[in-house]
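Structure, as structure tokens:
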Amino acid sequence: MTDEQKLESKFWDFLEESPFVMLGLKGSGFTRPMTAQIDKDRQIYFFASRSDELVTGLAHSTDAIATYASKGHDFFASMKGVLVVNNDREKIDRLWSVMISAWYEQGKDDPDLVLLRFDTDRADVWEAGTGSAVKAAWLKLTGRDPKEQSQEDRAQVML
């Protein structure tokens, strides 16, 4: 398994463990916390409200950006892609949970409910292992460039 494949696998593991990302539309200047729903085909979805700026903004641009930081702040990702409304009932049924139902009074039939699919083909990911700052300082003290070493824990991965 290549380093890129390892980092891609870790990305999916971390995202499933803590599925919270900051998501926004390109050019809006803002992102907001959203809970990613990971489908069996490793496609990322978000439940949203029809009245939310994220959804109404799709009329102007579907270009989106999402950023991710793991619980332990040892894995990070930045993703670009497009947001597409995908109100496929089968998909909604499969991704639905008690947590999601708390946001919609009428459940899966709530007229304000929108399912968004995040179409992205790659992510820029970073893994910051234990002692990364100490390691960088040590490399600097020994005359080596910590920037070169940090590239070992970074990759653009295909999603």
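Ligands are numbered from 1 in the order shown, residues from 1 within each chain, and chains are lettered A, B, ... in the order they appear in the structure tokens.
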
Could you tell me, as a PyMOL selection string, which residues of chain A DSSP assigns to helix (DSSP H, G or I) when given the backbone? chain A and resi 3-17+53-59+89-95+98-101+107-109+132-141+146-153

So which residues touch range 18-28 of chain A within 8 Å, counting only C-alpha atoms, skipping near sequence neighbours fewer than 5 positions away, as an MDAnalysis selection string?
chainID A and resid 33:37 54 57:58 61:71

Who sits within 8 Å of range 75-77 of chain A, only C-alpha atoms, same chain under 6 positions skipped, as a PyMOL selection string: chain A and resi 11+14+67-69+123-128

I'd like the neighbourhood of Asp110 in chain A as a count of residues only, where a residue qualifies if any of its atoms comes within 12 Å (using only C-alpha atoms), though same-chain residues fewer than 2 positions away should be ignored.
19

Need to verify the contact set: Asp41 in chain A, 12 Å, only C-alpha atoms, exclusion of same-chain residues closer than 2 positions in sequence. Can you return it as a JSON list (two decimals) with all heavy atoms, in the first residue's frame?
[["chain", "number", "residue", "atom", "x", "y", "z"],
["A", 12, "TRP", "N", -10.75, 8.27, 5.69],
["A", 12, "TRP", "CA", -12.09, 7.70, 5.83],
["A", 12, "TRP", "C", -12.33, 7.19, 7.24],
["A", 12, "TRP", "O", -13.42, 7.37, 7.81],
["A", 12, "TRP", "CB", -12.33, 6.60, 4.80],
["A", 12, "TRP", "CG", -12.45, 7.14, 3.41],
["A", 12, "TRP", "CD1", -11.56, 6.97, 2.39],
["A", 12, "TRP", "CD2", -13.50, 7.97, 2.90],
["A", 12, "TRP", "NE1", -12.00, 7.64, 1.28],
["A", 12, "TRP", "CE2", -13.19, 8.26, 1.56],
["A", 12, "TRP", "CE3", -14.67, 8.50, 3.44],
["A", 12, "TRP", "CZ2", -14.00, 9.04, 0.75],
["A", 12, "TRP", "CZ3", -15.49, 9.28, 2.64],
["A", 12, "TRP", "CH2", -15.15, 9.55, 1.31],
["A", 37, "GLN", "N", -22.41, 12.52, 6.31],
["A", 37, "GLN", "CA", -23.00, 11.19, 6.28],
["A", 37, "GLN", "C", -22.23, 10.41, 5.22],
["A", 37, "GLN", "O", -22.21, 10.84, 4.06],
["A", 37, "GLN", "CB", -24.49, 11.26, 5.91],
["A", 37, "GLN", "CG", -25.30, 12.23, 6.74],
["A", 37, "GLN", "CD", -25.35, 11.86, 8.21],
["A", 37, "GLN", "OE1", -25.51, 10.69, 8.55],
["A", 37, "GLN", "NE2", -25.21, 12.85, 9.07],
["A", 38, "ILE", "N", -21.60, 9.33, 5.62],
["A", 38, "ILE", "CA", -20.78, 8.57, 4.68],
["A", 38, "ILE", "C", -21.58, 7.37, 4.20],
["A", 38, "ILE", "O", -21.99, 6.52, 4.99],
["A", 38, "ILE", "CB", -19.48, 8.07, 5.35],
["A", 38, "ILE", "CG1", -18.80, 9.15, 6.18],
["A", 38, "ILE", "CG2", -18.54, 7.47, 4.29],
["A", 38, "ILE", "CD1", -18.42, 10.38, 5.44],
["A", 39, "ASP", "N", -21.81, 7.31, 2.90],
["A", 39, "ASP", "CA", -22.54, 6.19, 2.33],
["A", 39, "ASP", "C", -21.58, 5.02, 2.11],
["A", 39, "ASP", "O", -20.36, 5.18, 2.13],
["A", 39, "ASP", "CB", -23.19, 6.61, 1.01],
["A", 39, "ASP", "CG", -24.27, 5.66, 0.55],
["A", 39, "ASP", "OD1", -24.75, 4.84, 1.37],
["A", 39, "ASP", "OD2", -24.66, 5.73, -0.63],
["A", 43, "GLN", "N", -19.27, 7.96, -0.48],
["A", 43, "GLN", "CA", -19.74, 9.26, -0.97],
["A", 43, "GLN", "C", -20.17, 10.06, 0.26],
["A", 43, "GLN", "O", -20.73, 9.50, 1.20],
["A", 43, "GLN", "CB", -20.92, 9.06, -1.92],
["A", 43, "GLN", "CG", -21.45, 10.34, -2.52],
["A", 43, "GLN", "CD", -20.47, 10.98, -3.48],
["A", 43, "GLN", "OE1", -19.97, 10.35, -4.39],
["A", 43, "GLN", "NE2", -20.18, 12.24, -3.26],
["A", 44, "ILE", "N", -19.91, 11.36, 0.25],
["A", 44, "ILE", "CA", -20.23, 12.21, 1.40],
["A", 44, "ILE", "C", -21.53, 12.96, 1.14],
["A", 44, "ILE", "O", -21.69, 13.59, 0.09],
["A", 44, "ILE", "CB", -19.08, 13.20, 1.68],
["A", 44, "ILE", "CG1", -17.78, 12.44, 1.93],
["A", 44, "ILE", "CG2", -19.43, 14.11, 2.86],
["A", 44, "ILE", "CD1", -16.54, 13.32, 2.01],
["A", 45, "TYR", "N", -22.44, 12.90, 2.13],
["A", 45, "TYR", "CA", -23.72, 13.59, 2.07],
["A", 45, "TYR", "C", -23.91, 14.45, 3.31],
["A", 45, "TYR", "O", -23.30, 14.19, 4.35],
["A", 45, "TYR", "CB", -24.88, 12.59, 2.02],
["A", 45, "TYR", "CG", -24.95, 11.79, 0.74],
["A", 45, "TYR", "CD1", -24.24, 10.61, 0.59],
["A", 45, "TYR", "CD2", -25.74, 12.23, -0.32],
["A", 45, "TYR", "CE1", -24.31, 9.88, -0.58],
["A", 45, "TYR", "CE2", -25.82, 11.50, -1.50],
["A", 45, "TYR", "CZ", -25.10, 10.32, -1.62],
["A", 45, "TYR", "OH", -25.17, 9.61, -2.78],
["A", 91, "LYS", "N", -31.78, 6.90, -0.51],
["A", 91, "LYS", "CA", -30.54, 7.40, 0.11],
["A", 91, "LYS", "C", -30.87, 8.05, 1.46],
["A", 91, "LYS", "O", -30.15, 7.85, 2.45],
["A", 91, "LYS", "CB", -29.88, 8.41, -0.83],
["A", 91, "LYS", "CG", -28.49, 8.78, -0.47],
["A", 91, "LYS", "CD", -27.49, 7.67, -0.67],
["A", 91, "LYS", "CE", -27.32, 7.30, -2.12],
["A", 91, "LYS", "NZ", -26.31, 6.26, -2.33],
["A", 159, "LEU", "N", -10.52, 10.50, -3.78],
["A", 159, "LEU", "CA", -11.65, 10.04, -2.96],
["A", 159, "LEU", "C", -12.67, 9.31, -3.79],
["A", 159, "LEU", "O", -12.81, 9.45, -4.94],
["A", 159, "LEU", "CB", -12.31, 11.23, -2.27],
["A", 159, "LEU", "CG", -11.44, 11.99, -1.29],
["A", 159, "LEU", "CD1", -12.23, 13.12, -0.66],
["A", 159, "LEU", "CD2", -10.91, 11.08, -0.20]]

Between CA of Arg42 in chain A and CA of Trp96 in chain A - distance in Å to one decimal
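Atom-to-atom, CA of Trp96 in chain A to CA of Arg42 in chain A, that is 16.0 Å.
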
Check your understanding: CA of Asn86 in chain A and CA of Ser9 in chain A are how many Å apart?
Key ->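 Answer for the CA of Asn86 in chain A to CA of Ser9 in chain A separation: 25.7 Å.
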
- Output as a PyMOL selection string all residues of chain A that backbone DSSP marks as strand (DSSP E). chain A and resi 20-25+32-35+37-38+44-49+63-69+75-85+113-119+122-127+154-158

Check your understanding: For the atom pair CA of Arg117 in chain A and CA of Thr2 in chain A, what is the interatomic distance in Å to one decimal place?
Key ->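 For CA of Arg117 in chain A relative to CA of Thr2 in chain A, the distance reads 28.2 Å.
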